[in-house]
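Chemist: Below is the file model_16.tsv, with TSV, C-alpha atoms.
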chain	number	residue	atom	x	y	z
A	1	MET	CA	34.95	30.50	63.75
A	2	GLN	CA	33.94	34.16	63.70
A	3	LYS	CA	30.37	34.65	64.94
A	4	GLY	CA	27.95	35.38	62.07
A	5	PHE	CA	30.47	34.40	59.38
A	6	LEU	CA	28.62	31.26	58.16
A	7	PRO	CA	25.17	32.91	57.75
A	8	THR	CA	26.81	35.80	55.87
A	9	LEU	CA	28.68	33.39	53.62
A	10	LEU	CA	25.51	31.44	52.85
A	11	LEU	CA	23.64	34.66	52.04
A	12	LEU	CA	26.37	35.82	49.68
A	13	SER	CA	26.42	32.40	47.98
A	14	ALA	CA	22.67	32.50	47.46
A	15	VAL	CA	22.85	36.01	46.00
A	16	SER	CA	25.71	34.99	43.71
A	17	LEU	CA	23.79	31.95	42.49
A	18	THR	CA	20.71	34.10	41.79
A	19	VAL	CA	22.80	36.59	39.80
A	20	LEU	CA	24.45	33.84	37.81
A	21	GLN	CA	21.14	32.20	37.00
A	22	GLY	CA	19.72	35.52	35.90
A	23	CYS	CA	22.62	36.13	33.52
A	24	LYS	CA	22.83	32.63	32.02
A	25	LYS	CA	19.74	30.59	31.21
A	26	GLU	CA	20.66	27.48	33.19
A	27	SER	CA	18.91	24.67	34.95
A	28	ALA	CA	19.60	23.77	38.57
A	29	LEU	CA	22.35	21.47	37.26
A	30	GLY	CA	24.07	24.27	35.39
A	31	ILE	CA	22.86	23.09	31.95
A	32	ASP	CA	21.66	25.47	29.26
A	33	ASN	CA	17.87	25.07	29.03
A	34	ASN	CA	18.17	25.12	25.23
A	35	LYS	CA	20.07	21.84	25.57
A	36	VAL	CA	17.92	20.22	28.25
A	37	VAL	CA	15.90	17.31	26.88
A	38	LYS	CA	12.19	17.67	27.63
A	39	THR	CA	11.05	14.45	25.93
A	40	PRO	CA	13.89	11.92	25.52
A	41	PHE	CA	13.75	8.90	23.28
A	42	SER	CA	14.10	5.33	24.48
A	43	LEU	CA	15.90	2.92	22.19
A	44	TYR	CA	15.63	-0.82	22.78
A	45	ALA	CA	18.00	-3.28	21.12
A	46	ALA	CA	18.47	-7.04	21.30
A	47	ASN	CA	21.44	-9.16	20.35
A	48	ALA	CA	21.61	-12.61	18.80
A	49	GLU	CA	21.54	-14.29	22.23
A	50	GLY	CA	18.29	-12.61	23.23
A	51	TRP	CA	19.84	-9.97	25.50
A	52	LEU	CA	17.59	-6.88	25.61
A	53	ILE	CA	19.18	-3.50	26.39
A	54	LYS	CA	18.01	0.11	26.54
A	55	THR	CA	19.49	3.58	26.08
A	56	THR	CA	18.11	7.13	26.19
A	57	ASP	CA	21.11	8.77	24.51
A	58	GLY	CA	22.76	6.07	22.41
A	59	GLU	CA	25.90	6.23	24.51
A	60	ARG	CA	25.01	4.79	27.92
A	61	TYR	CA	23.22	1.44	28.09
A	62	GLN	CA	21.41	-0.62	30.67
A	63	SER	CA	20.42	-4.26	30.65
A	64	VAL	CA	16.66	-4.88	30.53
A	65	PHE	CA	16.41	-8.66	30.10
A	66	PRO	CA	19.33	-11.12	30.28
A	67	PRO	CA	20.39	-13.31	27.36
A	68	ASP	CA	18.45	-16.58	27.33
A	69	GLY	CA	19.81	-18.20	24.17
A	70	PHE	CA	16.66	-17.49	22.13
A	71	PRO	CA	17.30	-14.97	19.34
A	72	MET	CA	15.07	-11.93	19.17
A	73	HIS	CA	13.04	-11.19	16.06
A	74	SER	CA	11.28	-7.90	16.90
A	75	ILE	CA	10.82	-5.37	19.69
A	76	MET	CA	7.84	-3.04	20.07
A	77	THR	CA	6.36	-0.68	22.63
A	78	SER	CA	2.66	0.17	22.77
A	79	GLY	CA	1.67	2.59	25.49
A	80	THR	CA	3.59	1.44	28.56
A	81	ASN	CA	3.72	-2.18	27.36
A	82	LEU	CA	6.88	-3.73	25.97
A	83	LEU	CA	6.56	-6.58	23.47
A	84	ILE	CA	9.27	-8.92	22.19
A	85	LEU	CA	8.92	-11.56	19.50
A	86	LYS	CA	11.14	-14.60	19.88
A	87	GLU	CA	9.72	-18.03	19.12
A	88	ASN	CA	6.46	-16.65	20.55
A	89	LEU	CA	5.23	-13.17	21.39
A	90	HIS	CA	5.86	-12.01	24.98
A	91	LEU	CA	4.70	-8.91	26.86
A	92	SER	CA	6.02	-6.98	29.85
A	93	GLU	CA	3.96	-4.48	31.83
A	94	ASN	CA	6.84	-3.54	34.14
A	95	GLU	CA	9.48	-2.18	31.75
A	96	GLY	CA	11.02	-5.55	31.02
A	97	LYS	CA	11.54	-6.89	34.53
A	98	ASN	CA	9.61	-9.97	33.46
A	99	PHE	CA	7.75	-11.13	30.36
A	100	ASN	CA	4.73	-13.36	29.89
A	101	PRO	CA	3.76	-15.19	26.68
A	102	VAL	CA	0.68	-13.66	25.04
A	103	PHE	CA	0.51	-15.21	21.55
A	104	SER	CA	2.02	-18.37	20.10
A	105	LEU	CA	0.32	-18.92	16.72
A	106	VAL	CA	2.67	-16.58	14.89
A	107	ARG	CA	3.49	-17.12	11.21
A	108	ARG	CA	7.10	-16.04	11.11
A	109	PHE	CA	8.81	-14.06	8.37
A	110	PRO	CA	12.31	-12.56	8.47
A	111	TRP	CA	11.21	-8.93	8.05
A	112	ARG	CA	10.11	-6.66	10.92
A	113	SER	CA	6.86	-5.46	9.31
A	114	MET	CA	5.16	-8.81	10.01
A	115	MET	CA	4.21	-7.08	13.31
A	116	TYR	CA	2.82	-3.56	13.14
A	117	ASP	CA	1.47	-1.06	15.67
A	118	TYR	CA	-1.09	1.27	14.06
A	119	PRO	CA	-2.44	3.89	16.50
A	120	ALA	CA	-4.94	5.13	13.89
A	121	HIS	CA	-6.81	1.84	14.41
A	122	ASN	CA	-5.93	1.53	18.09
A	123	SER	CA	-4.51	-1.86	17.12
A	124	ILE	CA	-1.41	-4.01	16.80
A	125	TYR	CA	-1.42	-6.49	13.92
A	126	ILE	CA	0.68	-9.64	13.52
A	127	THR	CA	0.87	-12.43	10.97
A	128	THR	CA	-0.59	-15.72	12.17
A	129	THR	CA	-1.16	-19.32	11.08
A	130	GLN	CA	-4.86	-18.94	11.87
A	131	HIS	CA	-7.74	-18.29	9.48
A	132	ASN	CA	-6.88	-15.53	6.96
A	133	GLY	CA	-3.47	-14.91	8.44
A	134	VAL	CA	-4.06	-11.77	10.56
A	135	ALA	CA	-4.28	-11.49	14.34
A	136	VAL	CA	-5.04	-8.22	16.11
A	137	SER	CA	-4.76	-6.79	19.62
A	138	LYS	CA	-6.95	-3.91	20.80
A	139	ASP	CA	-5.40	-3.61	24.26
A	140	LYS	CA	-1.76	-2.85	23.44
A	141	GLY	CA	-0.69	-6.46	23.11
A	142	LYS	CA	-2.29	-8.06	26.15
A	143	THR	CA	-4.84	-10.21	24.31
A	144	TRP	CA	-5.13	-11.33	20.70
A	145	GLN	CA	-7.87	-12.51	18.37
A	146	VAL	CA	-8.16	-13.43	14.70
A	147	ASP	CA	-9.09	-10.63	12.31
A	148	SER	CA	-11.52	-12.49	10.04
A	149	ALA	CA	-13.04	-9.41	8.37
A	150	PHE	CA	-12.01	-10.12	4.77
A	151	ALA	CA	-14.05	-9.23	1.71
A	152	ASP	CA	-15.40	-11.93	-0.57
A	153	GLY	CA	-13.45	-13.04	-3.62
A	154	ILE	CA	-9.94	-13.19	-2.15
A	155	PRO	CA	-7.48	-15.67	-3.75
A	156	PRO	CA	-7.88	-19.26	-2.49
A	157	VAL	CA	-4.18	-19.62	-1.61
A	158	TYR	CA	-2.38	-16.77	0.08
A	159	GLU	CA	-0.87	-15.66	3.36
A	160	ILE	CA	-0.50	-12.20	4.82
A	161	SER	CA	3.17	-11.50	5.35
A	162	SER	CA	3.59	-7.78	6.20
A	163	PHE	CA	1.72	-4.60	7.17
A	164	ALA	CA	2.10	-0.85	6.64
A	165	GLY	CA	-0.09	2.17	7.38
A	166	LEU	CA	-0.46	5.64	5.86
A	167	GLY	CA	-1.14	8.92	7.59
A	168	ASN	CA	-4.74	8.99	6.33
A	169	GLY	CA	-5.89	6.12	8.57
A	170	LYS	CA	-5.70	3.40	5.89
A	171	LEU	CA	-3.86	0.20	6.71
A	172	PHE	CA	-2.39	-2.18	4.12
A	173	SER	CA	-1.26	-5.80	4.20
A	174	PHE	CA	0.58	-7.83	1.59
A	175	SER	CA	0.67	-11.49	0.58
A	176	ASN	CA	4.03	-12.47	-0.85
A	177	ILE	CA	2.68	-15.79	-2.18
A	178	ASN	CA	0.63	-14.20	-4.95
A	179	ASN	CA	1.62	-10.53	-4.64
A	180	VAL	CA	-1.80	-9.31	-3.56
A	181	LEU	CA	-2.20	-6.07	-1.61
A	182	TYR	CA	-5.12	-5.58	0.81
A	183	ARG	CA	-6.51	-2.38	2.30
A	184	LYS	CA	-8.42	-1.72	5.53
A	185	ASP	CA	-9.93	1.77	5.42
A	186	ASN	CA	-10.69	2.10	9.13
A	187	GLU	CA	-10.69	0.12	12.35
A	188	GLY	CA	-14.03	-1.56	11.64
A	189	ALA	CA	-13.62	-2.09	7.88
A	190	SER	CA	-12.97	-5.36	6.06
A	191	TRP	CA	-9.74	-6.16	4.26
A	192	THR	CA	-10.34	-5.65	0.52
A	193	PRO	CA	-7.96	-6.44	-2.39
A	194	VAL	CA	-6.33	-3.46	-4.11
A	195	THR	CA	-6.31	-3.53	-7.91
A	196	MET	CA	-2.69	-2.99	-8.91
A	197	GLN	CA	-2.48	-1.44	-12.37
A	198	GLY	CA	0.31	-1.05	-14.92
A	199	MET	CA	3.78	-2.23	-13.93
A	200	PHE	CA	4.04	-3.84	-10.51
A	201	PRO	CA	6.37	-6.22	-8.66
A	202	VAL	CA	6.62	-9.67	-10.26
A	203	ASP	CA	5.80	-13.07	-8.79
A	204	GLY	CA	8.43	-15.48	-7.56
A	205	THR	CA	10.05	-13.07	-5.11
A	206	GLU	CA	9.65	-12.29	-1.41
A	207	PHE	CA	8.41	-8.73	-1.13
A	208	TYR	CA	7.61	-7.11	2.20
A	209	LEU	CA	5.63	-3.94	2.78
A	210	THR	CA	6.72	-0.74	4.56
A	211	SER	CA	5.56	2.88	4.39
A	212	ASN	CA	5.85	6.49	5.43
A	213	ASN	CA	2.84	8.80	5.84
A	214	THR	CA	2.14	9.05	2.11
A	215	PHE	CA	4.07	6.32	0.26
A	216	LEU	CA	3.92	2.52	0.27
A	217	TYR	CA	7.09	0.53	-0.43
A	218	LEU	CA	7.68	-3.07	-1.50
A	219	THR	CA	11.19	-4.46	-1.03
A	220	ASP	CA	12.33	-7.89	-2.24
A	221	TYR	CA	13.98	-9.64	0.71
A	222	ASN	CA	15.95	-11.84	-1.73
A	223	GLY	CA	17.52	-8.83	-3.42
A	224	LEU	CA	16.31	-9.67	-6.93
A	225	GLY	CA	12.95	-8.01	-7.62
A	226	GLY	CA	13.96	-4.46	-6.76
A	227	VAL	CA	12.39	-1.84	-4.49
A	228	TRP	CA	9.08	-0.30	-5.59
A	229	TYR	CA	7.00	2.62	-4.33
A	230	SER	CA	3.39	3.74	-4.74
A	231	GLU	CA	2.01	7.22	-4.12
A	232	ASP	CA	-1.63	6.33	-4.85
A	233	GLU	CA	-2.37	3.69	-2.18
A	234	GLY	CA	-1.04	0.78	-4.19
A	235	ALA	CA	-2.86	1.28	-7.49
A	236	HIS	CA	0.31	2.09	-9.45
A	237	TRP	CA	3.92	1.16	-8.65
A	238	THR	CA	7.27	2.57	-9.78
A	239	ARG	CA	10.63	0.88	-9.32
A	240	PHE	CA	13.55	2.79	-7.84
A	241	GLY	CA	16.70	2.79	-9.92
A	242	GLN	CA	19.03	0.03	-8.80
A	243	GLY	CA	22.04	2.32	-8.56
A	244	SER	CA	24.75	0.68	-6.46
A	245	LEU	CA	22.36	-1.48	-4.39
A	246	PRO	CA	23.77	-5.02	-4.78
A	247	THR	CA	21.57	-7.78	-6.16
A	248	ARG	CA	21.57	-11.44	-5.10
A	249	HIS	CA	22.27	-10.40	-1.50
A	250	LYS	CA	19.39	-10.26	0.94
A	251	TRP	CA	17.86	-6.86	1.65
A	252	LEU	CA	17.27	-7.36	5.35
A	253	SER	CA	15.61	-4.08	6.30
A	254	ALA	CA	13.77	-1.21	4.61
A	255	THR	CA	12.91	1.98	6.46
A	256	SER	CA	11.73	5.50	5.72
A	257	VAL	CA	13.40	8.17	7.93
A	258	ASN	CA	13.93	11.91	8.05
A	259	GLN	CA	10.17	12.66	8.18
A	260	GLY	CA	9.65	10.27	5.28
A	261	GLN	CA	12.11	12.07	3.02
A	262	THR	CA	14.80	9.36	3.01
A	263	PHE	CA	14.40	5.67	2.20
A	264	LEU	CA	17.04	3.24	3.47
A	265	VAL	CA	17.73	-0.41	2.65
A	266	GLY	CA	20.00	-2.53	4.84
A	267	THR	CA	21.76	-5.47	3.23
A	268	ASP	CA	23.38	-8.73	4.19
A	269	SER	CA	27.15	-8.01	4.42
A	270	PHE	CA	27.13	-4.95	2.11
A	271	GLY	CA	26.10	-2.21	4.52
A	272	LEU	CA	23.39	0.39	3.97
A	273	TYR	CA	21.98	2.16	0.90
A	274	ARG	CA	19.78	5.23	0.56
A	275	VAL	CA	17.70	6.68	-2.25
A	276	GLU	CA	19.16	9.81	-3.81
A	277	GLY	CA	17.80	11.11	-7.11
A	278	ASN	CA	15.42	8.12	-7.37
A	279	SER	CA	18.19	5.51	-7.27
A	280	PHE	CA	20.30	3.88	-4.58
A	281	THR	CA	23.72	4.99	-3.42
A	282	ALA	CA	25.93	3.59	-0.66
A	283	ALA	CA	25.46	5.16	2.77
A	284	SER	CA	28.05	3.16	4.65
A	285	GLY	CA	30.40	5.92	5.77
A	286	GLY	CA	31.70	4.93	9.21
A	287	LEU	CA	30.61	1.29	8.94
A	288	GLU	CA	32.98	-1.63	9.17
A	289	MET	CA	33.53	-3.96	6.22
A	290	ASN	CA	30.98	-6.76	5.75
A	291	THR	CA	28.32	-5.06	7.87
A	292	SER	CA	24.86	-6.64	7.84
A	293	VAL	CA	22.04	-4.24	8.72
A	294	TYR	CA	19.15	-6.05	10.43
A	295	SER	CA	17.08	-3.17	11.76
A	296	VAL	CA	16.87	0.62	11.36
A	297	THR	CA	15.05	2.86	13.86
A	298	GLU	CA	14.50	6.62	13.96
A	299	LYS	CA	14.38	8.46	17.31
A	300	ARG	CA	13.86	12.08	18.37
A	301	ASN	CA	14.80	14.23	21.36
A	302	VAL	CA	12.60	17.25	22.10
A	303	TYR	CA	14.39	19.99	24.03
A	304	LYS	CA	13.02	22.60	26.45
A	305	ASN	CA	13.10	25.25	23.73
A	306	ASP	CA	11.02	22.82	21.57
A	307	ALA	CA	13.92	22.16	19.23
A	308	VAL	CA	13.93	18.60	17.87
A	309	LYS	CA	17.00	16.52	17.10
A	310	THR	CA	16.62	13.35	15.07
A	311	TYR	CA	18.83	10.27	15.23
A	312	VAL	CA	18.81	7.09	13.17
A	313	PHE	CA	20.04	3.87	14.81
A	314	MET	CA	20.99	0.58	13.21
A	315	GLY	CA	21.27	-2.89	14.67
A	316	THR	CA	24.05	-4.73	12.83
A	317	ASN	CA	26.37	-7.71	13.14
A	318	LYS	CA	29.06	-5.21	14.18
A	319	GLY	CA	27.11	-3.50	16.97
A	320	ILE	CA	24.81	-0.48	17.18
A	321	TYR	CA	25.47	2.54	14.96
A	322	ARG	CA	24.00	6.05	15.08
A	323	SER	CA	23.56	8.68	12.38
A	324	GLU	CA	22.84	12.37	12.93
A	325	ASP	CA	22.52	13.24	9.24
A	326	GLY	CA	19.57	11.12	8.14
A	327	GLY	CA	21.53	7.94	7.53
A	328	ALA	CA	24.30	9.34	5.32
A	329	THR	CA	27.18	8.65	7.75
A	330	TRP	CA	27.48	6.57	10.90
A	331	ASP	CA	29.23	6.36	14.27
A	332	LYS	CA	29.60	3.16	16.26
A	333	MET	CA	27.95	3.38	19.69
A	334	THR	CA	28.66	0.02	21.38
A	335	PHE	CA	31.99	-1.14	22.73
A	336	GLY	CA	33.31	-3.67	25.23
A	337	GLU	CA	30.57	-5.64	26.96
A	338	TRP	CA	27.89	-3.79	24.97
A	339	ASN	CA	29.27	-4.77	21.59
A	340	GLY	CA	27.86	-7.68	19.59
A	341	LYS	CA	25.42	-8.71	16.89
A	342	TYR	CA	22.20	-6.71	17.33
A	343	VAL	CA	19.37	-8.21	15.31
A	344	ALA	CA	16.50	-5.97	16.45
A	345	THR	CA	16.01	-2.32	17.47
A	346	TYR	CA	12.99	-0.21	18.32
How would this structure read if it were set down as structure tokens?

Modeler:
Amino acid sequence: MQKGFLPTLLLLSAVSLTVLQGCKKESALGIDNNKVVKTPFSLYAANAEGWLIKTTDGERYQSVFPPDGFPMHSIMTSGTNLLILKENLHLSENEGKNFNPVFSLVRRFPWRSMMYDYPAHNSIYITTTQHNGVAVSKDKGKTWQVDSAFADGIPPVYEISSFAGLGNGKLFSFSNINNVLYRKDNEGASWTPVTMQGMFPVDGTEFYLTSNNTFLYLTDYNGLGGVWYSEDEGAHWTRFGQGSLPTRHKWLSATSVNQGQTFLVGTDSFGLYRVEGNSFTAASGGLEMNTSVYSVTEKRNVYKNDAVKTYVFMGTNKGIYRSEDGGATWDKMTFGEWNGKYVATY
């Protein structure tokens, strides 16, 4: 080799690289910084056999916890802790490498809002068989105690069945036995009944509570009583138009996405529906026939130029689907060994 050739070649390569990087805004990997993710999402999903998986892009998956034959009900993260609800509530402090049981006296309901993380109260709430039906954790799921702070005069027979919080720091719970709504104004306040005025959801159904920052929603799990919303903290309720949302088929999931601008209802075997013009229309473009939608989760990527891209994911009996247009159309994201019936996402 000619003496001095290698140092010269290295110098020229370094200069060329510097020039290229100065002309094109690229990272060290040759990726446009406007497309480099600064804060990626993490999506967890669990199938009917209890297998827990994770993805940060919706396309590549990794196994977190192997299938154990116990179906998953809910998944939740709080801080660095990962919680899963099967028969009992379990917690992992090492990203799912192992889980330990933390709470067993859970009163189970089929909807996901029976467990709710509310950072405004620095608390996680879950329905329980104890006392007034509410258990709370103040340490991100590690330990649990009964929340017995209820105002006087509550109905003698009831059970709390779901939770939802608003952006103003007020938390709400709902009893589907007698259709009573309760409000907790701050972390140290008591639960007090909300006086529901005018038209409101009828008895004899199984409503569960969800919310966005400003609206409360009540959805009948049995698909009979309709979907209702309140914009004044539960005092008055208005029913969405039924539209094409099928009745007499369970409404398995209800979620507000797209910064609270879009409300979605997932059904048993009839796909997904979204509110447009105050009534429901089918939003099943890209879904297979007879799709049951068990869970809907919104995720965001923040890029180096501070642009934000929002995705909506669904766990269904046909696999995991992703939407990039607020839940209007869908693409299937799981194939081969990753395909299956996903009953929970977070």

Chemist: Excluding stretch 145-161 of chain A and any residue of its chain fewer than 6 positions from it, enumerate the residues within 8 Å of it, using all atoms listed in the file, and give them as a VMD selection string.

Modeler: chain A and resid 109 114 127 130 to 137 173 to 178 189 to 193 208

Chemist: Using only C-alpha atoms for the distances, tell me which of A:Gln242, A:Thr210, A:Ser253, A:Asn47 is nearest to A:Thr267.

Modeler: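 Of all the options, A:Ser253 lies closest to A:Thr267.
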
Chemist: Pick out the closest residue to A:Thr143 from this set: A:Ser211, A:Ile126, A:Val102, A:Leu287. Count only C-alpha atoms.

Modeler: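 With only C-alpha atoms as the atom set, the closest residue is A:Val102.
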
Chemist: Please identify all polymer residues within 9 Å of A:Ala235, counting all atoms listed in the file, omitting same-chain residues fewer than 3 positions from it, and present them as a ChimeraX atom specification.

Modeler: /A:194-198,230-232

Chemist: Create the file for the chosen residues now, containing C-alpha atoms and written as an mmCIF file, keeping the file's coordinate frame.

Modeler:
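Resulting contents of again-v2.cif:
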data_model
loop_
_atom_site.group_PDB
_atom_site.id
_atom_site.type_symbol
_atom_site.label_atom_id
_atom_site.label_comp_id
_atom_site.auth_asym_id
_atom_site.auth_seq_id
_atom_site.Cartn_x
_atom_site.Cartn_y
_atom_site.Cartn_z
ATOM 1 C CA VAL A 194 -6.330 -3.460 -4.110
ATOM 2 C CA THR A 195 -6.310 -3.530 -7.910
ATOM 3 C CA MET A 196 -2.690 -2.990 -8.910
ATOM 4 C CA GLN A 197 -2.480 -1.440 -12.370
ATOM 5 C CA GLY A 198 0.310 -1.050 -14.920
ATOM 6 C CA SER A 230 3.390 3.740 -4.740
ATOM 7 C CA GLU A 231 2.010 7.220 -4.120
ATOM 8 C CA ASP A 232 -1.630 6.330 -4.850
#

Chemist: For each of A:Tyr116, A:Trp251, A:Tyr294, A:Phe172, take the minimum atom-to-atom distance to A:Ala344, counting all atoms listed in the file, then give the residue where this is smallest.

Modeler: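 Ranked by minimum distance to A:Ala344, first place goes to A:Tyr294.
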
Chemist: Rounded to one decimal place, report the atom CA of A:His236-atom CA of A:Arg183 distance in Å.

Modeler: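 Separation between atom CA of A:His236 and atom CA of A:Arg183: 14.3 Å.
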
Chemist: Calculated over only C-alpha atoms, which of the candidates A:Pro119, A:Gly241, A:Gly315, A:Gly340 has the smallest distance to A:Gly167?

Modeler: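 Ranking A:Pro119, A:Gly241, A:Gly315, A:Gly340 by distance to A:Gly167, first place goes to A:Pro119.
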
Chemist: In Å, rounded to a single decimal, give me how far atom CA of A:Leu85 is from atom CA of A:Thr262.

Modeler: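 Taking atom CA of A:Thr262 and atom CA of A:Leu85, their separation equals 27.3 Å.
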
Chemist: Using Å and a single decimal, report how far atom CA of A:Phe335 sits from atom CA of A:Asp57.

Modeler: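 Value for the atom CA of A:Asp57-atom CA of A:Phe335 distance: 14.8 Å.
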
Chemist: Tell me which protein, DNA and RNA residues are within 12 Å of A:Thr205, counting all atoms listed in the file, leaving out same-chain ones fewer than 2 positions away, and put them as a compact mmCIF listing (two decimals) with C-alpha atoms, in the coordinates of the input.

Modeler:
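Everything below was put into result08.txt:
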# COMPACT_ATOMS: atom_id res chain seq x y z
CA SER A 175 0.67 -11.49 0.58
CA ASN A 176 4.03 -12.47 -0.85
CA ILE A 177 2.68 -15.79 -2.18
CA ASN A 178 0.63 -14.20 -4.95
CA ASN A 179 1.62 -10.53 -4.64
CA PRO A 201 6.37 -6.22 -8.66
CA VAL A 202 6.62 -9.67 -10.26
CA ASP A 203 5.80 -13.07 -8.79
CA PHE A 207 8.41 -8.73 -1.13
CA TYR A 208 7.61 -7.11 2.20
CA LEU A 218 7.68 -3.07 -1.50
CA THR A 219 11.19 -4.46 -1.03
CA ASP A 220 12.33 -7.89 -2.24
CA TYR A 221 13.98 -9.64 0.71
CA ASN A 222 15.95 -11.84 -1.73
CA GLY A 223 17.52 -8.83 -3.42
CA LEU A 224 16.31 -9.67 -6.93
CA GLY A 225 12.95 -8.01 -7.62
CA GLY A 226 13.96 -4.46 -6.76
CA VAL A 227 12.39 -1.84 -4.49
CA ARG A 248 21.57 -11.44 -5.10
CA LYS A 250 19.39 -10.26 0.94

Chemist: Which residue is closest to A:Leu272? Choose from A:Trp228, A:Tyr44, A:Phe313, A:Tyr217 and count only C-alpha atoms.

Modeler: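 Checking each of A:Trp228, A:Tyr44, A:Phe313, A:Tyr217 against A:Leu272, counting only C-alpha atoms, the winner is A:Phe313.
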
Chemist: Between A:Arg112, A:His249, A:His90, A:Arg300, which residue has the minimum interatomic distance to A:Trp144, considering all atoms listed in the file?

Modeler: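 That would be A:His90, the residue with the smallest distance to A:Trp144.
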
Chemist: If we count only C-alpha atoms, what is near A:Val265 at a cut-off of 10 Å, once residues fewer than 3 positions away on the same chain are taken out, given as a list of chain:residue names?

Modeler: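 That gives A:Thr219, A:Val227, A:Leu245, A:Trp251, A:Leu252, A:Ser253, A:Ala254, A:Thr255, A:Ser256, A:Gly271, A:Leu272, A:Tyr273, A:Arg274, A:Val275, A:Phe280, A:Ala282, A:Ala283, A:Val293, A:Tyr294, A:Ser295, A:Val296.
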